$ cat work-v5.txt   # compact mmCIF, C-alpha atoms and all ligand atoms
# COMPACT_ATOMS: atom_id res chain seq x y z
CA MET A 760 -91.15 -22.81 150.20
CA LYS A 761 -94.37 -24.76 150.56
CA ILE A 762 -95.79 -26.13 147.32
CA PHE A 763 -99.54 -26.33 146.88
CA LEU A 764 -101.22 -27.89 143.87
CA ASP A 765 -103.69 -25.53 142.16
CA THR A 766 -106.33 -27.98 140.97
CA ALA A 767 -109.48 -29.90 141.87
CA ASP A 768 -108.45 -32.91 139.76
CA LEU A 769 -108.27 -35.84 142.19
CA GLY A 770 -106.10 -37.95 139.88
CA GLU A 771 -103.47 -35.22 139.76
CA ILE A 772 -103.80 -34.55 143.48
CA ARG A 773 -103.23 -38.22 144.37
CA ARG A 774 -100.30 -38.48 141.96
CA ALA A 775 -98.51 -35.54 143.62
CA ALA A 776 -99.58 -36.39 147.18
CA ASP A 777 -98.46 -40.01 146.82
CA ALA A 778 -95.05 -38.74 145.72
CA GLY A 779 -94.90 -36.67 148.93
CA LEU A 780 -94.24 -33.52 146.95
CA ILE A 781 -97.04 -31.19 147.98
CA ASP A 782 -97.96 -29.37 151.17
CA GLY A 783 -101.57 -28.60 150.32
CA ILE A 784 -104.15 -27.77 147.66
CA THR A 785 -105.85 -24.64 146.40
CA THR A 786 -109.09 -24.75 144.46
CA ASN A 787 -111.31 -22.07 143.00
CA PRO A 788 -114.79 -22.16 141.42
CA SER A 789 -113.35 -22.37 137.88
CA LEU A 790 -111.10 -25.33 138.76
CA VAL A 791 -114.03 -27.17 140.40
CA ALA A 792 -116.28 -26.47 137.40
CA LYS A 793 -113.70 -28.20 135.17
CA VAL A 794 -114.00 -31.53 137.01
CA ALA A 795 -117.38 -31.60 138.79
CA GLY A 796 -119.83 -32.56 136.02
CA LYS A 797 -123.09 -33.37 137.82
CA ARG A 798 -121.40 -34.07 141.16
CA ASP A 799 -121.95 -31.98 144.28
CA PRO A 800 -118.74 -29.94 144.68
CA LYS A 801 -118.87 -30.56 148.44
CA GLU A 802 -118.30 -34.29 147.80
CA ILE A 803 -115.27 -33.45 145.70
CA TYR A 804 -113.99 -31.12 148.41
CA LEU A 805 -114.22 -33.90 150.98
CA GLU A 806 -112.33 -36.33 148.75
CA ILE A 807 -109.60 -33.75 148.15
CA CYS A 808 -109.30 -33.03 151.88
CA LYS A 809 -108.92 -36.74 152.59
CA ALA A 810 -106.32 -37.17 149.84
CA VAL A 811 -103.79 -34.71 151.27
CA ASN A 812 -102.12 -34.08 154.56
CA GLY A 813 -102.28 -30.30 154.57
CA PRO A 814 -104.46 -27.24 153.99
CA VAL A 815 -107.06 -27.31 151.21
CA SER A 816 -108.48 -23.93 150.17
CA LEU A 817 -112.22 -24.03 149.38
CA GLU A 818 -113.77 -20.84 148.03
CA VAL A 819 -117.02 -19.13 148.97
CA VAL A 820 -119.18 -17.88 146.09
CA GLY A 821 -121.49 -15.49 147.94
CA LEU A 822 -120.81 -11.79 147.56
CA ASP A 823 -122.38 -10.36 150.73
CA LEU A 824 -121.03 -10.81 154.23
CA SER A 825 -123.76 -13.01 155.66
CA THR A 826 -123.68 -15.40 152.69
CA MET A 827 -119.88 -15.57 152.84
CA LEU A 828 -120.01 -16.36 156.55
CA ALA A 829 -122.64 -19.07 156.11
CA GLU A 830 -120.76 -20.65 153.19
CA GLY A 831 -117.42 -20.28 154.95
CA ARG A 832 -118.68 -22.10 158.04
CA LYS A 833 -120.09 -24.92 155.87
CA LEU A 834 -116.83 -25.25 153.95
CA ALA A 835 -114.76 -25.26 157.15
CA ALA A 836 -116.98 -28.02 158.55
CA ILE A 837 -116.24 -30.35 155.60
CA HIS A 838 -112.88 -31.48 157.01
CA GLU A 839 -110.15 -30.35 159.37
CA ASN A 840 -107.88 -29.62 156.37
CA ALA A 841 -110.34 -27.08 154.94
CA VAL A 842 -109.21 -23.45 154.66
CA VAL A 843 -111.92 -20.94 153.72
CA LYS A 844 -111.06 -18.87 150.65
CA VAL A 845 -112.69 -15.44 150.33
CA PRO A 846 -112.25 -12.75 147.67
CA LEU A 847 -110.43 -9.51 148.45
CA THR A 848 -113.50 -7.30 148.69
CA GLU A 849 -114.86 -5.26 151.59
CA ALA A 850 -117.23 -8.12 152.47
CA GLY A 851 -114.41 -10.64 152.01
CA LEU A 852 -112.17 -8.78 154.46
CA LYS A 853 -114.97 -8.61 157.02
CA ALA A 854 -115.71 -12.31 156.51
CA CYS A 855 -111.99 -13.06 156.95
CA LYS A 856 -111.88 -11.21 160.27
CA ALA A 857 -115.01 -12.97 161.55
CA LEU A 858 -114.05 -16.47 160.39
CA VAL A 859 -110.54 -16.16 161.83
CA SER A 860 -112.01 -15.02 165.17
CA GLU A 861 -114.10 -18.21 165.12
CA GLY A 862 -110.91 -20.26 164.78
CA HIS A 863 -111.02 -20.94 161.04
CA ARG A 864 -108.10 -20.47 158.64
CA VAL A 865 -108.71 -18.05 155.77
CA ASN A 866 -107.05 -17.58 152.38
CA VAL A 867 -107.80 -14.15 150.90
CA THR A 868 -107.72 -14.47 147.12
CA LEU A 869 -107.77 -12.29 144.00
CA CYS A 870 -105.11 -9.95 145.41
CA PHE A 871 -103.59 -7.56 142.88
CA SER A 872 -102.00 -4.80 145.02
CA VAL A 873 -99.87 -4.37 148.11
CA THR A 874 -102.54 -2.19 149.73
CA GLN A 875 -105.02 -5.05 149.37
CA ALA A 876 -102.47 -7.45 150.87
CA HIS A 877 -101.91 -5.09 153.80
CA LEU A 878 -105.64 -5.01 154.59
CA ALA A 879 -105.89 -8.80 154.34
CA ALA A 880 -103.09 -9.12 156.89
CA LYS A 881 -104.87 -6.65 159.19
CA ALA A 882 -108.01 -8.80 158.81
CA GLY A 883 -105.97 -11.73 160.15
CA ALA A 884 -105.71 -13.73 156.91
CA THR A 885 -103.82 -16.99 157.21
CA TYR A 886 -102.79 -16.72 153.55
CA ILE A 887 -102.80 -13.93 150.97
CA SER A 888 -103.01 -15.03 147.31
CA PRO A 889 -101.47 -12.50 144.90
CA PHE A 890 -102.23 -13.52 141.27
CA VAL A 891 -98.85 -13.19 139.59
CA GLY A 892 -99.71 -14.57 136.13
CA ARG A 893 -102.80 -12.43 135.69
CA ILE A 894 -100.75 -9.30 136.44
CA ASP A 895 -98.14 -10.39 133.87
CA ASP A 896 -101.00 -10.98 131.40
CA ILE A 897 -101.77 -7.26 131.40
CA ALA A 898 -98.11 -6.27 131.06
CA GLY A 899 -97.60 -5.70 134.79
CA GLU A 900 -94.90 -7.21 137.00
CA GLY A 901 -96.52 -9.96 139.03
CA MET A 902 -93.37 -10.84 140.93
CA GLY A 903 -92.85 -7.20 141.85
CA LEU A 904 -96.05 -7.51 143.88
CA ILE A 905 -94.69 -10.53 145.76
CA HIS A 906 -91.56 -8.50 146.55
CA GLN A 907 -93.60 -5.55 147.83
CA ILE A 908 -95.84 -7.71 150.01
CA ARG A 909 -92.81 -9.54 151.46
CA GLN A 910 -91.26 -6.22 152.43
CA VAL A 911 -94.44 -4.81 153.97
CA TYR A 912 -95.23 -7.98 155.93
CA ASP A 913 -91.65 -8.12 157.23
CA ASN A 914 -91.61 -4.39 158.08
CA TYR A 915 -94.66 -4.78 160.31
CA GLY A 916 -94.33 -8.37 161.48
CA PHE A 917 -97.50 -9.74 159.89
CA ALA A 918 -97.78 -13.53 160.16
CA THR A 919 -99.99 -13.88 157.05
CA GLU A 920 -98.31 -16.27 154.63
CA ILE A 921 -97.70 -15.11 151.06
CA LEU A 922 -99.14 -17.72 148.71
CA ALA A 923 -98.00 -16.87 145.18
CA ALA A 924 -100.84 -17.85 142.83
CA SER A 925 -101.69 -17.79 139.13
CA ILE A 926 -98.36 -19.45 138.42
CA ARG A 927 -97.84 -20.23 134.73
CA HIS A 928 -94.31 -21.66 134.38
CA PRO A 929 -91.20 -22.79 136.30
CA VAL A 930 -89.57 -19.33 136.20
CA HIS A 931 -92.48 -18.02 138.27
CA VAL A 932 -91.69 -20.70 140.87
CA VAL A 933 -88.00 -19.79 140.94
CA GLU A 934 -88.84 -16.10 141.31
CA ALA A 935 -91.37 -16.81 144.07
CA MET A 936 -88.61 -18.57 146.03
CA MET A 937 -86.14 -15.74 145.39
CA MET A 938 -88.72 -13.16 146.56
CA GLY A 939 -89.34 -15.08 149.77
CA ALA A 940 -92.93 -16.20 149.15
CA ASP A 941 -93.98 -18.61 151.90
CA CYS A 942 -95.94 -20.82 149.51
CA CYS A 943 -96.57 -21.14 145.81
CA THR A 944 -99.63 -22.80 144.29
CA ILE A 945 -98.93 -24.36 140.93
CA PRO A 946 -100.83 -26.27 138.26
CA PRO A 947 -99.94 -30.00 138.02
CA SER A 948 -98.25 -29.53 134.62
CA VAL A 949 -95.84 -26.97 136.11
CA LEU A 950 -95.10 -29.21 139.12
CA TRP A 951 -93.82 -32.01 136.87
CA GLN A 952 -91.94 -29.55 134.65
CA LEU A 953 -89.94 -28.60 137.75
CA SER A 954 -88.43 -32.08 137.88
CA LYS A 955 -87.19 -32.08 134.30
CA HIS A 956 -83.76 -31.21 132.90
CA PRO A 957 -82.34 -32.30 129.52
CA LEU A 958 -78.91 -32.91 131.08
CA THR A 959 -80.50 -35.34 133.55
CA ASP A 960 -81.98 -37.31 130.63
CA LYS A 961 -78.74 -37.17 128.64
CA GLY A 962 -76.62 -38.16 131.64
CA LEU A 963 -78.90 -41.06 132.53
CA GLU A 964 -78.84 -42.37 128.97
CA ALA A 965 -75.01 -42.33 128.96
CA PHE A 966 -74.77 -44.05 132.38
CA LEU A 967 -77.12 -46.83 131.28
CA LYS A 968 -75.30 -47.33 127.98
CA ASP A 969 -71.96 -47.71 129.78
CA TRP A 970 -73.48 -50.08 132.34
CA GLU A 971 -75.00 -52.20 129.56
CA GLY A 972 -71.44 -52.93 128.36
CA LEU A 973 -70.74 -54.70 131.67
CA GLY A 974 -73.59 -57.16 131.15
CA ALA A 975 -74.02 -57.14 134.93
CA LYS A 976 -77.02 -56.90 137.30
CA ILE A 977 -77.35 -55.13 140.65
O1 LIG A 1001 -106.19 -20.52 142.25
C1 LIG A 1001 -106.04 -19.21 141.88
C2 LIG A 1001 -105.05 -18.95 140.76
O2 LIG A 1001 -103.91 -19.73 140.93
C3 LIG A 1001 -105.63 -18.99 139.38
O3 LIG A 1001 -104.67 -19.01 138.37
O4 LIG A 1001 -104.04 -19.38 136.02
O5 LIG A 1001 -106.45 -18.94 136.59
O6 LIG A 1001 -104.77 -17.13 136.72
P1 LIG A 1001 -105.01 -18.59 136.85
$ encode --input "work-v5.txt" --output "structure tokens" --more "lines below"
Ligand code: G3P
Amino acid sequence: MKIFLDTADLGEIRRAADAGLIDGITTNPSLVAKVAGKRDPKEIYLEICKAVNGPVSLEVVGLDLSTMLAEGRKLAAIHENAVVKVPLTEAGLKACKALVSEGHRVNVTLCFSVTQAHLAAKAGATYISPFVGRIDDIAGEGMGLIHQIRQVYDNYGFATEILAASIRHPVHVVEAMMMGADCCTIPPSVLWQLSKHPLTDKGLEAFLKDWEGLGAKI
């Protein structure tokens, strides 16, 4: 499964990219607002695109089709890694279809149902982003949606990649893999949690203690 980092924080992006652990980045307006201050978000987008070797989702903020198309084209022109992110609305689906026909890659976001995911695939989306955590937040079953979309896309041979989003903890990542999501976008804190295990720490401590008794160097 591809791992994307869900952040606009360049420090975190470089840390994960330098470790060779991520396949791309997803951003959204809220994540950019957290880090931008007075800076032009487009500058930040360019820096992010240069920092990773993979797709970087950059979201439009217009609500009507013509604004989405104009913004989408600008975002796509920032860098070859840019993927245009559009919301799953009627205008967003139309924008997806048009931008894909122009040769751009499109991530359709804010997906909360399998019928929405089906339409995004028909609109030629490169990625569909179902928001697992936000469904769990309202006592739904976020991972059930990933399962449904996987089945529908496989039944009809859609090439749209399932990008599990709104990931809150490592169990979400495990479940995304078990459900056959193509990609999972995760916050930096969750990425580093994935590497941790108390038995690793305990085992390492014991190995080093035993080695210390030898008084030797490698
Ligand atoms: O990037 C979209 C998505 O991952 C947002 O997650 O935690 O705000 O629901 P969250």
$ closest_residue --input "work-v5.txt" --among "A:Phe966, A:Tyr804, A:Phe763, A:Tyr886" --to "A:Ile926" --atoms "only C-alpha atoms"
A:Phe763
$ residues_around --input "work-v5.txt" --residues "A:Ala924" --least-positions-apart "2" --cutoff "9 Å" --atoms "all atoms listed in the file" --output "PDB file with C-alpha atoms, keeping the file's coordinate frame"
ATOM      1  CA  ASP A 765    -103.690 -25.530 142.160  1.00  0.00           C
ATOM      2  CA  THR A 868    -107.720 -14.470 147.120  1.00  0.00           C
ATOM      3  CA  LEU A 869    -107.770 -12.290 144.000  1.00  0.00           C
ATOM      4  CA  SER A 888    -103.010 -15.030 147.310  1.00  0.00           C
ATOM      5  CA  PRO A 889    -101.470 -12.500 144.900  1.00  0.00           C
ATOM      6  CA  PHE A 890    -102.230 -13.520 141.270  1.00  0.00           C
ATOM      7  CA  VAL A 891     -98.850 -13.190 139.590  1.00  0.00           C
ATOM      8  CA  GLY A 892     -99.710 -14.570 136.130  1.00  0.00           C
ATOM      9  CA  LEU A 922     -99.140 -17.720 148.710  1.00  0.00           C
ATOM     10  CA  ILE A 926     -98.360 -19.450 138.420  1.00  0.00           C
ATOM     11  CA  ARG A 927     -97.840 -20.230 134.730  1.00  0.00           C
ATOM     12  CA  CYS A 942     -95.940 -20.820 149.510  1.00  0.00           C
ATOM     13  CA  CYS A 943     -96.570 -21.140 145.810  1.00  0.00           C
ATOM     14  CA  THR A 944     -99.630 -22.800 144.290  1.00  0.00           C
ATOM     15  CA  ILE A 945     -98.930 -24.360 140.930  1.00  0.00           C
TER      16      ILE A 945
END
$ closest_residue --input "work-v5.txt" --among "A:Ala935, A:Ile837, A:Ala778, A:Ala923" --to "ligand LIG 1001 (chain A)" --atoms "all atoms listed in the file"
A:Ala923
$ residues_around --input "work-v5.txt" --residues "stretch 822-835 of chain A" --least-positions-apart "3" --cutoff "8 Å" --atoms "only C-alpha atoms" --output "number ranges by chain"
A: 801, 817-819, 838-839, 841-845, 850-851, 853-854, 857-858, 863
$ axis_aligned_box --input "work-v5.txt" --around "ligand LIG 1001 (chain A)" --padding-each-side "4 Å" --output "lines of an AutoDock Vina configuration file"
center_x = -105.2
center_y = -18.8
center_z = 139.1
size_x = 10.5
size_y = 11.4
size_z = 14.2
$ atom_distance --input "work-v5.txt" --atom1 "atom CA of A:Met936" --atom2 "atom CA of A:Leu953"
13.1 Å
$ atom_distance --input "work-v5.txt" --atom1 "atom CA of A:Pro929" --atom2 "atom CA of A:Glu964"
24.3 Å
$ atom_distance --input "work-v5.txt" --atom1 "atom CA of A:Thr766" --atom2 "atom CA of A:Pro946"
6.4 Å
$ closest_residue --input "work-v5.txt" --among "A:Leu967, A:Leu852, A:Val933, A:Ala880" --to "A:Met902" --atoms "all atoms listed in the file"
A:Val933
$ closest_residue --input "work-v5.txt" --among "A:Gly813, A:Gly939, A:Pro957, A:Pro788" --to "ligand LIG 1001 (chain A)" --atoms "all atoms listed in the file"
A:Pro788
$ residues_around --input "work-v5.txt" --residues "A:Pro800" --least-positions-apart "3" --cutoff "12 Å" --atoms "all atoms listed in the file" --output "PyMOL selection string"
chain A and resi 767-768+786-797+803-807+817-819+834+837
$ write_last_selection --input "work-v5.txt" --atoms "C-alpha atoms" --output "PDB file, in the frame of the given file"
ATOM      1  CA  ALA A 767    -109.480 -29.900 141.870  1.00  0.00           C
ATOM      2  CA  ASP A 768    -108.450 -32.910 139.760  1.00  0.00           C
ATOM      3  CA  THR A 786    -109.090 -24.750 144.460  1.00  0.00           C
ATOM      4  CA  ASN A 787    -111.310 -22.070 143.000  1.00  0.00           C
ATOM      5  CA  PRO A 788    -114.790 -22.160 141.420  1.00  0.00           C
ATOM      6  CA  SER A 789    -113.350 -22.370 137.880  1.00  0.00           C
ATOM      7  CA  LEU A 790    -111.100 -25.330 138.760  1.00  0.00           C
ATOM      8  CA  VAL A 791    -114.030 -27.170 140.400  1.00  0.00           C
ATOM      9  CA  ALA A 792    -116.280 -26.470 137.400  1.00  0.00           C
ATOM     10  CA  LYS A 793    -113.700 -28.200 135.170  1.00  0.00           C
ATOM     11  CA  VAL A 794    -114.000 -31.530 137.010  1.00  0.00           C
ATOM     12  CA  ALA A 795    -117.380 -31.600 138.790  1.00  0.00           C
ATOM     13  CA  GLY A 796    -119.830 -32.560 136.020  1.00  0.00           C
ATOM     14  CA  LYS A 797    -123.090 -33.370 137.820  1.00  0.00           C
ATOM     15  CA  ILE A 803    -115.270 -33.450 145.700  1.00  0.00           C
ATOM     16  CA  TYR A 804    -113.990 -31.120 148.410  1.00  0.00           C
ATOM     17  CA  LEU A 805    -114.220 -33.900 150.980  1.00  0.00           C
ATOM     18  CA  GLU A 806    -112.330 -36.330 148.750  1.00  0.00           C
ATOM     19  CA  ILE A 807    -109.600 -33.750 148.150  1.00  0.00           C
ATOM     20  CA  LEU A 817    -112.220 -24.030 149.380  1.00  0.00           C
ATOM     21  CA  GLU A 818    -113.770 -20.840 148.030  1.00  0.00           C
ATOM     22  CA  VAL A 819    -117.020 -19.130 148.970  1.00  0.00           C
ATOM     23  CA  LEU A 834    -116.830 -25.250 153.950  1.00  0.00           C
ATOM     24  CA  ILE A 837    -116.240 -30.350 155.600  1.00  0.00           C
TER      25      ILE A 837
END
$ residues_around --input "work-v5.txt" --residues "A:Arg774" --least-positions-apart "4" --cutoff "12 Å" --atoms "all atoms listed in the file" --output "PDB file with C-alpha atoms, keeping the file's coordinate frame"
ATOM      1  CA  LEU A 764    -101.220 -27.890 143.870  1.00  0.00           C
ATOM      2  CA  ASP A 768    -108.450 -32.910 139.760  1.00  0.00           C
ATOM      3  CA  LEU A 769    -108.270 -35.840 142.190  1.00  0.00           C
ATOM      4  CA  GLY A 770    -106.100 -37.950 139.880  1.00  0.00           C
ATOM      5  CA  ALA A 778     -95.050 -38.740 145.720  1.00  0.00           C
ATOM      6  CA  GLY A 779     -94.900 -36.670 148.930  1.00  0.00           C
ATOM      7  CA  LEU A 780     -94.240 -33.520 146.950  1.00  0.00           C
ATOM      8  CA  ILE A 781     -97.040 -31.190 147.980  1.00  0.00           C
ATOM      9  CA  ALA A 810    -106.320 -37.170 149.840  1.00  0.00           C
ATOM     10  CA  VAL A 811    -103.790 -34.710 151.270  1.00  0.00           C
ATOM     11  CA  PRO A 947     -99.940 -30.000 138.020  1.00  0.00           C
ATOM     12  CA  SER A 948     -98.250 -29.530 134.620  1.00  0.00           C
ATOM     13  CA  LEU A 950     -95.100 -29.210 139.120  1.00  0.00           C
ATOM     14  CA  TRP A 951     -93.820 -32.010 136.870  1.00  0.00           C
TER      15      TRP A 951
END
$ closest_residue --input "work-v5.txt" --among "A:His877, A:Arg864, A:His931, A:Lys968" --to "ligand LIG 1001 (chain A)" --atoms "all atoms listed in the file"
A:His931
$ closest_residue --input "work-v5.txt" --among "A:His928, A:Lys961, A:Arg893, A:His956" --to "ligand LIG 1001 (chain A)" --atoms "all atoms listed in the file"
A:Arg893
